[in-house]
Structure formats: C-alpha cells, structure tokens
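Source file run.txt; content: compact mmCIF, C-alpha atoms.
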# COMPACT_ATOMS: atom_id res chain seq x y z
CA MET W 1065 82.83 80.86 30.83
CA ASP W 1066 79.61 82.79 31.38
CA ALA W 1067 77.96 81.01 28.49
CA LEU W 1068 78.40 77.73 30.38
CA LYS W 1069 76.83 79.10 33.53
CA LEU W 1070 73.56 77.43 34.51
CA ASP W 1071 71.59 77.35 37.74
CA GLY W 1072 70.49 74.85 40.35
CA ASN W 1073 67.46 73.82 38.28
CA ALA W 1074 69.87 72.13 35.86
CA ALA W 1075 71.18 69.93 38.67
CA ALA W 1076 67.76 68.88 39.98
CA GLY W 1077 67.94 65.34 38.60
CA LEU W 1078 71.49 64.74 39.81
CA LEU W 1079 70.71 66.12 43.28
CA GLN W 1080 67.65 63.89 43.54
CA GLU W 1081 69.81 60.90 42.59
CA VAL W 1082 72.15 61.73 45.47
CA PHE W 1083 69.71 62.82 48.16
CA ALA W 1084 66.60 60.85 47.10
CA VAL W 1085 64.49 63.94 47.76
CA GLU W 1086 63.81 67.13 45.80
CA VAL W 1087 66.57 69.55 46.83
CA THR W 1088 66.26 72.58 44.51
CA ALA W 1089 63.48 74.14 46.61
CA ALA W 1090 65.62 73.73 49.77
CA ARG W 1091 67.37 76.81 51.11
CA GLY W 1092 71.09 76.57 51.58
CA THR W 1093 73.44 78.82 53.53
CA CYS W 1094 76.82 79.62 52.00
CA ASP W 1095 79.60 78.81 54.46
CA ASN W 1096 81.79 81.57 53.04
CA CYS W 1097 79.49 84.62 52.98
CA GLY W 1098 76.39 83.45 54.86
CA ALA W 1099 73.99 84.22 52.00
CA VAL W 1100 70.83 82.10 51.97
CA GLU W 1101 69.44 81.00 48.61
CA ALA W 1102 67.26 78.26 47.19
CA VAL W 1103 69.45 75.56 45.67
CA GLY W 1104 67.59 76.17 42.38
CA ALA W 1105 68.94 79.73 42.38
CA VAL W 1106 72.64 79.01 42.84
CA VAL W 1107 75.15 78.95 40.00
CA VAL W 1108 75.87 75.58 38.40
CA TYR W 1109 78.65 74.53 36.05
CA ALA W 1110 77.82 71.11 34.69
CA HIS W 1111 80.26 70.82 31.77
CA ALA W 1112 83.26 69.74 33.85
CA PRO W 1113 83.84 66.05 34.71
CA GLY W 1114 81.86 66.86 37.84
CA THR W 1115 79.04 69.26 38.65
CA VAL W 1116 80.01 72.34 40.64
CA LEU W 1117 77.52 74.53 42.54
CA ARG W 1118 78.68 78.03 43.45
CA CYS W 1119 77.25 80.82 45.59
CA PRO W 1120 75.59 83.48 43.36
CA HIS W 1121 76.75 86.20 45.79
CA CYS W 1122 80.43 85.42 46.56
CA ASP W 1123 81.19 82.71 43.95
CA ALA W 1124 82.52 80.30 46.61
CA VAL W 1125 82.14 76.60 45.83
CA LEU W 1126 79.09 75.22 47.67
CA MET W 1127 78.97 71.63 46.43
CA ARG W 1128 80.85 69.36 44.08
CA ILE W 1129 79.44 66.09 42.81
CA VAL W 1130 81.32 63.61 40.67
CA THR W 1131 79.82 60.34 39.52
CA ASP W 1132 80.92 57.45 37.35
CA GLY W 1133 77.35 56.16 37.17
CA ALA W 1134 77.81 53.61 39.94
CA ARG W 1135 79.31 55.74 42.72
CA TYR W 1136 79.00 59.37 43.77
CA TRP W 1137 81.61 61.58 45.40
CA VAL W 1138 79.87 64.45 47.15
CA ASP W 1139 81.78 67.41 48.61
CA LEU W 1140 79.45 69.65 50.66
CA ARG W 1141 82.02 71.69 52.51
CA GLY W 1142 80.78 75.03 51.17
CA VAL W 1143 77.24 74.54 52.47
CA ARG W 1144 76.83 75.53 56.11
CA SER W 1145 73.27 74.22 56.28
CA LEU W 1146 70.38 73.05 54.12
CA GLU W 1147 66.77 73.69 55.10
CA LEU W 1148 64.45 71.09 53.56
CA THR W 1149 60.67 71.05 53.80
CA SER W 1150 58.89 67.73 54.13
CA THR W 1151 56.28 67.24 51.43
CA MET H 277 59.09 62.71 45.73
CA GLY H 278 61.65 60.07 46.34
CA ARG H 279 64.24 58.20 44.36
CA LEU H 280 64.15 58.77 40.63
CA ASN H 281 63.49 55.84 38.36
CA TRP H 282 63.88 55.71 34.60
CA LEU H 283 60.54 55.21 32.88
CA VAL H 284 59.76 54.19 29.31
CA ALA H 285 57.38 56.61 27.58
CA ASP H 286 55.44 55.94 24.39
CA VAL H 287 55.56 58.67 21.75
CA ILE H 288 51.99 59.54 20.77
CA ASP H 289 52.82 62.34 18.34
CA ALA H 290 55.53 64.81 17.34
CA VAL H 291 54.11 68.15 16.22
CA PRO H 292 56.07 71.05 14.66
CA GLU H 293 55.73 74.36 16.52
CA THR H 294 58.22 76.41 14.48
CA PRO H 295 60.84 75.43 11.87
CA ARG H 296 63.28 74.56 14.70
CA VAL H 297 60.96 73.43 17.47
CA LYS H 298 58.77 70.36 17.97
CA THR H 299 56.39 69.25 20.68
CA ILE H 300 56.66 65.58 21.59
CA LYS H 301 53.51 64.13 23.13
CA LEU H 302 54.12 61.20 25.42
CA ASP H 303 52.14 58.63 27.28
CA VAL H 304 54.05 57.75 30.43
CA PRO H 305 52.73 54.74 32.37
CA ASP H 306 53.32 55.11 36.13
CA TRP H 307 53.72 58.90 35.80
CA GLU H 308 53.10 60.39 39.24
CA GLY H 309 52.03 63.81 37.90
CA HIS H 310 53.96 67.05 37.91
CA LEU H 311 53.83 70.74 38.80
CA PRO H 312 53.99 73.47 36.14
CA GLY H 313 57.65 74.45 35.70
CA GLN H 314 59.15 71.04 36.46
CA HIS H 315 61.22 69.15 33.94
CA VAL H 316 62.29 65.65 32.99
CA ASP H 317 65.64 64.11 32.22
CA VAL H 318 65.70 62.32 28.87
CA ARG H 319 68.26 59.59 28.18
CA LEU H 320 69.24 58.22 24.78
CA THR H 321 71.27 55.03 24.51
CA ALA H 322 73.25 54.19 21.37
CA GLU H 323 73.69 50.62 20.14
CA ASP H 324 77.23 50.59 21.58
CA GLY H 325 75.88 51.54 25.01
CA TYR H 326 76.93 55.20 24.88
CA GLN H 327 74.39 57.34 26.73
CA ALA H 328 73.54 61.02 26.46
CA GLN H 329 71.23 62.74 28.92
CA ARG H 330 69.49 66.13 28.77
CA SER H 331 66.92 67.98 30.80
CA TYR H 332 63.74 69.31 29.15
CA SER H 333 60.96 71.39 30.64
CA ILE H 334 57.47 69.94 30.64
CA ALA H 335 55.15 72.01 28.43
CA SER H 336 51.83 70.46 29.36
CA GLU H 337 49.66 71.18 32.36
CA PRO H 338 49.45 68.45 35.02
CA ASN H 339 47.52 65.57 33.49
CA ARG H 340 47.71 61.94 34.49
CA ASN H 341 50.03 59.83 32.29
CA HIS H 342 50.28 62.55 29.64
CA VAL H 343 53.44 64.62 29.26
CA GLU H 344 54.42 67.02 26.47
CA LEU H 345 57.97 68.21 25.89
CA THR H 346 58.76 71.07 23.52
CA VAL H 347 62.28 70.76 22.17
CA GLU H 348 64.36 73.20 20.15
CA ARG H 349 66.83 71.66 17.71
CA ILE H 350 70.43 72.57 18.47
CA ASP H 351 72.21 71.75 15.21
CA ASP H 352 75.39 70.33 16.75
CA GLY H 353 73.57 68.84 19.74
CA GLU H 354 73.65 65.15 20.66
CA VAL H 355 70.04 64.74 21.74
CA SER H 356 67.80 67.47 20.31
CA PRO H 357 68.36 66.60 16.60
CA TYR H 358 67.18 63.05 17.34
CA LEU H 359 64.15 64.26 19.31
CA THR H 360 63.11 66.82 16.69
CA GLU H 361 64.01 64.98 13.46
CA GLU H 362 63.91 61.23 14.07
CA LEU H 363 61.38 60.50 16.77
CA ARG H 364 58.01 59.24 15.49
CA ALA H 365 54.67 58.19 16.94
CA GLY H 366 55.05 54.62 18.19
CA ASP H 367 58.67 55.09 19.26
CA GLN H 368 59.71 54.83 22.88
CA LEU H 369 61.73 57.28 24.93
CA GLU H 370 63.47 56.84 28.27
CA LEU H 371 62.87 59.56 30.84
CA ARG H 372 62.75 60.22 34.56
CA GLY H 373 60.99 62.82 36.60
CA PRO H 374 59.41 65.09 37.33
CA VAL H 375 62.45 66.91 38.71
CA GLY H 376 62.83 70.37 40.21
CA GLY H 377 60.76 72.15 42.81
CA TYR H 378 62.09 75.71 42.74
CA PHE H 379 60.94 77.04 39.37
CA VAL H 380 57.31 76.01 39.80
CA TRP H 381 54.01 77.85 40.09
CA GLU H 382 50.55 76.74 41.12
CA PRO H 383 47.44 78.92 41.32
CA ASP H 384 47.38 78.83 45.13
CA ARG H 385 50.71 80.65 45.16
CA GLY H 386 48.77 83.66 43.91
CA GLY H 387 50.06 86.53 41.84
CA PRO H 388 50.00 88.72 39.93
CA LEU H 389 52.20 86.64 37.72
CA LEU H 390 54.93 88.06 35.50
CA LEU H 391 56.45 85.55 33.07
CA VAL H 392 59.39 86.59 30.91
CA ALA H 393 60.78 84.20 28.30
CA GLY H 394 63.50 84.19 25.70
CA GLY H 395 62.80 81.76 22.84
CA SER H 396 62.17 78.22 24.06
CA GLY H 397 62.33 79.56 27.61
CA VAL H 398 58.58 79.91 27.14
CA VAL H 399 58.11 76.14 27.59
CA PRO H 400 57.91 75.87 31.41
CA LEU H 401 55.97 79.16 31.50
CA MET H 402 53.45 77.69 29.05
CA ALA H 403 52.86 74.82 31.50
CA MET H 404 52.00 77.49 34.09
CA LEU H 405 49.66 79.34 31.73
CA ARG H 406 47.96 76.12 30.58
CA HIS H 407 47.47 75.09 34.20
CA ARG H 408 46.15 78.55 35.05
CA ALA H 409 43.61 78.29 32.22
CA ALA H 410 42.64 74.67 32.94
CA ALA H 411 42.17 75.42 36.64
CA GLY H 412 40.03 78.49 35.85
CA SER H 413 42.40 80.61 37.93
CA SER H 414 41.73 84.35 38.01
CA VAL H 415 45.31 85.24 38.96
CA PRO H 416 46.30 88.14 36.66
CA ALA H 417 49.20 87.16 34.43
CA THR H 418 51.53 88.86 31.98
CA LEU H 419 53.73 86.99 29.52
CA LEU H 420 56.53 88.92 27.83
CA LEU H 421 57.98 86.66 25.12
CA SER H 422 61.10 87.54 23.16
CA SER H 423 61.47 85.70 19.85
CA ARG H 424 63.71 86.24 16.83
CA SER H 425 60.86 86.57 14.35
CA TRP H 426 57.11 86.00 14.09
CA ASP H 427 57.76 82.54 12.61
CA ASP H 428 59.91 81.66 15.62
CA VAL H 429 57.16 82.36 18.17
CA ILE H 430 56.48 79.07 19.92
CA TYR H 431 52.77 78.38 20.73
CA ARG H 432 51.84 81.48 18.73
CA ASP H 433 48.23 80.52 17.96
CA GLU H 434 47.52 79.07 21.39
CA LEU H 435 48.92 82.19 23.07
CA SER H 436 46.65 84.38 20.99
CA ARG H 437 43.68 82.22 22.05
CA LEU H 438 44.68 82.40 25.72
CA ASN H 439 45.27 86.16 25.58
CA GLY H 440 42.57 88.02 27.51
CA SER H 441 40.66 86.82 30.58
CA GLY H 442 43.33 88.17 32.90
CA LEU H 443 46.29 87.18 30.72
CA ASN H 444 48.21 89.79 28.75
CA VAL H 445 50.60 88.37 26.14
CA VAL H 446 53.25 90.80 24.86
CA HIS H 447 55.67 89.88 22.06
CA THR H 448 58.98 91.40 21.14
CA LEU H 449 60.64 90.34 17.88
CA THR H 450 64.37 90.94 18.01
CA ARG H 451 65.67 90.13 14.51
CA SER H 452 62.90 90.60 11.97
CA GLN H 453 59.32 91.79 12.08
CA PRO H 454 56.40 91.24 9.71
CA ASP H 455 55.20 94.16 7.60
CA GLY H 456 53.12 96.55 9.63
CA TRP H 457 54.41 95.22 12.99
CA THR H 458 53.63 97.74 15.69
CA GLY H 459 54.86 95.75 18.68
CA TYR H 460 58.28 95.75 20.34
CA ALA H 461 61.23 95.06 18.06
CA ARG H 462 64.22 94.95 20.41
CA ARG H 463 65.70 92.92 23.22
CA VAL H 464 63.92 93.03 26.56
CA ASP H 465 65.20 96.03 28.53
CA GLU H 466 64.33 98.09 31.56
CA ALA H 467 61.98 100.45 29.70
CA MET H 468 60.04 97.52 28.21
CA LEU H 469 59.73 95.83 31.60
CA ARG H 470 58.60 99.07 33.20
CA ALA H 471 55.85 99.39 30.59
CA VAL H 472 54.75 95.74 30.63
CA ALA H 473 55.24 94.43 34.19
CA PRO H 474 52.89 94.92 37.11
CA PRO H 475 54.39 97.66 39.33
CA PRO H 476 56.69 96.43 42.12
CA GLY H 477 54.09 97.64 44.64
CA GLU H 478 51.79 94.83 43.49
CA ALA H 479 54.53 92.34 44.47
CA PRO H 480 54.29 90.17 41.35
CA LEU H 481 55.68 86.64 41.35
CA VAL H 482 58.24 86.66 38.58
CA TYR H 483 59.49 83.71 36.52
CA VAL H 484 62.23 84.29 33.96
CA CYS H 485 63.44 81.53 31.63
CA GLY H 486 65.79 81.61 28.67
CA PRO H 487 69.44 81.51 27.70
CA THR H 488 71.80 82.58 30.50
CA PRO H 489 72.59 86.09 29.15
CA PHE H 490 68.86 86.77 28.62
CA VAL H 491 67.94 85.66 32.13
CA GLU H 492 70.71 87.71 33.75
CA ALA H 493 69.81 90.87 31.78
CA VAL H 494 66.11 90.56 32.64
CA ALA H 495 66.71 89.77 36.32
CA SER H 496 69.11 92.73 36.67
CA ALA H 497 66.63 95.09 34.97
CA LEU H 498 63.82 93.92 37.28
CA VAL H 499 65.96 94.48 40.36
CA ALA H 500 66.88 97.95 39.02
CA LEU H 501 63.11 98.62 38.74
CA CYS H 502 62.83 97.76 42.47
CA HIS H 503 61.18 94.37 42.13
CA GLU H 504 61.89 92.22 45.18
CA PRO H 505 64.86 89.94 44.33
CA THR H 506 63.42 87.07 46.35
CA SER H 507 60.22 87.14 44.24
CA ILE H 508 62.20 86.64 41.01
CA ARG H 509 62.75 82.99 40.07
CA THR H 510 65.02 82.20 37.18
CA GLU H 511 65.86 79.21 35.04
CA ARG H 512 68.81 79.34 32.65
CA PHE H 513 69.60 77.05 29.80
CA GLY H 514 72.95 76.93 28.15
CA PRO H 515 74.41 76.22 24.72
CA THR H 516 75.68 72.86 25.99
CA GLY H 517 72.07 71.66 26.24
CA GLY H 518 71.66 70.24 22.74
Can you turn what I pasted into structure tokens?
Amino acid sequence: MDALKLDGNAAAGLLQEVFAVEVTAARGTCDNCGAVEAVGAVVVYAHAPGTVLRCPHCDAVLMRIVTDGARYWVDLRGVRSLELTST
Amino acid sequence: MGRLNWLVADVIDAVPETPRVKTIKLDVPDWEGHLPGQHVDVRLTAEDGYQAQRSYSIASEPNRNHVELTVERIDDGEVSPYLTEELRAGDQLELRGPVGGYFVWEPDRGGPLLLVAGGSGVVPLMAMLRHRAAAGSSVPATLLLSSRSWDDVIYRDELSRLNGSGLNVVHTLTRSQPDGWTGYARRVDEAMLRAVAPPPGEAPLVYVCGPTPFVEAVASALVALCHEPTSIRTERFGPTGG
C-alpha cells in the first residue's frame, strides 16, 4: 500500500479541474484532528477508481473525487476549511 | 491561474540524458509561463480513443513558449515508453498546465536552499537551479542527488558546470561507483544530511523529490536533525507513474 502513496502535488491537475483555481498551495484543516497542512502535503491515493486525499497526521479521509470525464463527484466532508490566497 | 485547457505542443527535440531518461523539448503556443517546481499533465490518445494521462515535472526554467520535460522510462508503463522511445522532433503532444503551486521555489522566497533528490526526482529541482542561475540569484544552494550509478546521474555535465558560485552539488551513488570514487556510496541518511545540509539554525528552505520511500526517509531524517517540518516541502512519485 505504501508504494502507492503519493501526495497532493499528484492531484494538482484534478483539483484544478474541479475548483478552477490552484488548490495545492491552499491550507486545509482536517475535520478529524484539526491539523493544518498545505493540500500539496497531504497523502493521496490515486490508483483507486477515485482519488482519495488523507490527512498525513491522523490518516482520516479529507476529500474524495470520482470522475467519469464528464461529471465529478466531490466529497469534502473531511475538510473543515480551506484557506486560499488570491493570486 | 484558472481553468485548465489542453494545449497541443510541438516536439522540437528529444535528447538522451541517461540510458533510461530523455529530455523532451517542446514549443507550446499560448503557454502562460510557469514557476520552477510546477508540472504538466500529458495525455496520450490511442486510435481507438483510449486515453492515458500522467503528470511530469517541468525541467526548464521559466521561458516563454518553451517547456522541457525530462522523463524516465518505466518499462511496463503506458506513457513513458512512448515519450522516451517513440516521440520525435516534429511530433505533437497534448498537455495542460502548469499545475501545482506548493512545490515551487522562486528567488524572492530566499534561502538557503537545500534540494534533495532521488533519481529523476532531480527534475523539478533542476528547474529551480536553472532559474536561480538564469536570474543571477545569490541564494546559497545545496543539491544532494542520489543516483544508482555515475551513468544514471541526470544532468551530470550541466550540474558540474553549475557547481560553484553559491551552489554545492553533492552526489551519492547507491549501487555502483566508478573506479577511484571518493564520494558517498550509500543511501541518503541522517549522517549524510548532517554533513551536507545547512544547519537548522540557518532555517533552510528544503525541497525533497523522489520515490515515496526515499522522500519519507529523507523527510524523517531532516526532522530528526531538528529542521523545521513546515520548511520541508516534499513531492513523491510512485511506481504507478509510468
């Protein structure tokens, strides 16, 4: 499993498809443990049918994104907040 | 940066770096420029419509319309064998980007800079070093590059040219070493980082890129040496890349 572990950088393109802004430099707060990390620094598993982002501190699921190319299903329940900087 | 659009790039050249690694030089009309450390998504489409998509770090410094990707061939990969074996000058390639904003460095972020790479993890760090050199930045920088052998060192000649003027390039060769090699000959560990890295008191900005186990070992060793965890930025690539 560890060999398939990536980080938020690997999801940068997908996240920009969904949010239409650069998200990996944004800081997210984990709803489970309260840790604050840049999205680029969280754990990503991208080999499943969907992409799963997990907290690097408590391993809770932060975000799940599934797409069939035309539609996106986005589950953000593990993210308490996202702090984005306008550029 | 807004919505991502797929762009068609023209292949200008494909240059071998090592037996397994090639640099693909691209002209990308409508390229909006990039920051060192950012990457692009590359998409290949088969005749039957099947698509495969991979992310590759940009190797070149910011330069209008010109983008270089350095790609390592993964033998059972879907995309990298095509990019490294088949692609020729005059071909076209579909890509989008630049993407990413976390694993980036620009001279005004300061330093000192500590860059640690495993194998082709050197690619985004090379964009930083090329930008540093092109911008005439005096930010002190250290690159610790772990390669399997001397022949596997990506950008070997260019790194030796860039070495000096505030940049210290340190190699470690983990599998085989040339005759008379006096440098490091083991995996990156705490003792090596202690000897090579600026001391934690200088608050270096740290960028670590390589395969997941490499990145985790280096990041843990740096934290054990009392480097500030928030100053350590990491980028992992996995075996699924291909």
Compile the residues of chain H that lie within 7 Å of chain W, evaluated using all atoms listed in the file, and express the compilation as a PyMOL selection string. chain H and resi 277-280+317+375-378+488+510-514
Could you write those residues out with C-alpha atoms, as an mmCIF file, in the frame of the given file?
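Output below, filename selection_35.cif:
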data_model
loop_
_atom_site.group_PDB
_atom_site.id
_atom_site.type_symbol
_atom_site.label_atom_id
_atom_site.label_comp_id
_atom_site.auth_asym_id
_atom_site.auth_seq_id
_atom_site.Cartn_x
_atom_site.Cartn_y
_atom_site.Cartn_z
ATOM 1 C CA MET H 277 59.090 62.710 45.730
ATOM 2 C CA GLY H 278 61.650 60.070 46.340
ATOM 3 C CA ARG H 279 64.240 58.200 44.360
ATOM 4 C CA LEU H 280 64.150 58.770 40.630
ATOM 5 C CA ASP H 317 65.640 64.110 32.220
ATOM 6 C CA VAL H 375 62.450 66.910 38.710
ATOM 7 C CA GLY H 376 62.830 70.370 40.210
ATOM 8 C CA GLY H 377 60.760 72.150 42.810
ATOM 9 C CA TYR H 378 62.090 75.710 42.740
ATOM 10 C CA THR H 488 71.800 82.580 30.500
ATOM 11 C CA THR H 510 65.020 82.200 37.180
ATOM 12 C CA GLU H 511 65.860 79.210 35.040
ATOM 13 C CA ARG H 512 68.810 79.340 32.650
ATOM 14 C CA PHE H 513 69.600 77.050 29.800
ATOM 15 C CA GLY H 514 72.950 76.930 28.150
#
Would you give the centre and edge lengths, in Å to one decimal, of a box along x, y and z around the listed atoms of range 1104-1109 of chain W, with 6 Å added to each side, as lines of an AutoDock Vina configuration file?
center_x = 73.1
center_y = 77.1
center_z = 39.4
size_x = 23.1
size_y = 17.2
size_z = 18.8
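For the set H:Pro454, H:Ala285, H:Ala471, H:Glu293, the residue with the smallest atom-to-atom gap to Glu434 in chain H is H:Glu293, counting all atoms listed in the file.
The spacing separating CA of Gly1098 in chain W from CA of Val1116 in chain W amounts to 18.4 Å.
The interatomic distance for the pair CA of Gln453 in chain H and CA of Val472 in chain H works out to 19.5 Å.
CA of Ser496 in chain H sits 13.9 Å away from CA of Arg463 in chain H.
For Gly1114 in chain W, the non-local neighbours within 12 Å, defined as residues at least 3 positions apart in the same chain or in other chains and counting all atoms listed in the file, are Ala1075, Leu1078, Val1108, Tyr1109, Ala1110, His1111, Leu1117, Met1127, Arg1128, Ile1129, Val1130, Thr1131, Asp1132, Gly1133, Tyr1136, Trp1137, Val1138 and Asp1139 of chain W.
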Which neighbours of Ala467 in chain H fall inside 12 Å, counting only C-alpha atoms, when residues of the same chain fewer than 6 positions from it are skipped, and could you give them as a ChimeraX atom specification?
/H:460,473,494,497-498,500-501
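Residue neighbourhood of range 505-507 of chain H, excluding near-sequence residues (fewer than 4 positions): Ala479, Pro480, Leu481, Val482 and Val499 of chain H, at 8 Å, using all atoms listed in the file.
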(Q) For a quick check of your reading of the model, name the residues lying within 6 Å of the coordinate (57.5, 89.9, 26.1), counting only C-alpha atoms, and write them as a PyMOL selection string. (A) chain H and resi 419-422+446-448
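Each of W:Arg1135, W:Ser1145, W:Thr1093, W:Leu1140 was compared to Pro1120 in chain W using only C-alpha atoms, and W:Thr1093 turns out to be the nearest.
Look at everything within 12 Å of (39.6, 83.3, 37.6) using only C-alpha atoms, and the residues you get are Pro383, Asp384, Gly386, Gly387, Pro388, His407, Arg408, Ala409, Ala410, Ala411, Gly412, Ser413, Ser414, Val415, Pro416, Ala417, Gly440, Ser441, Gly442 and Leu443 of chain H.
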Among H:Leu320, H:Leu390, H:Leu449, H:Ile350, His503 in chain H is approached most closely, using all atoms listed in the file, by H:Leu390
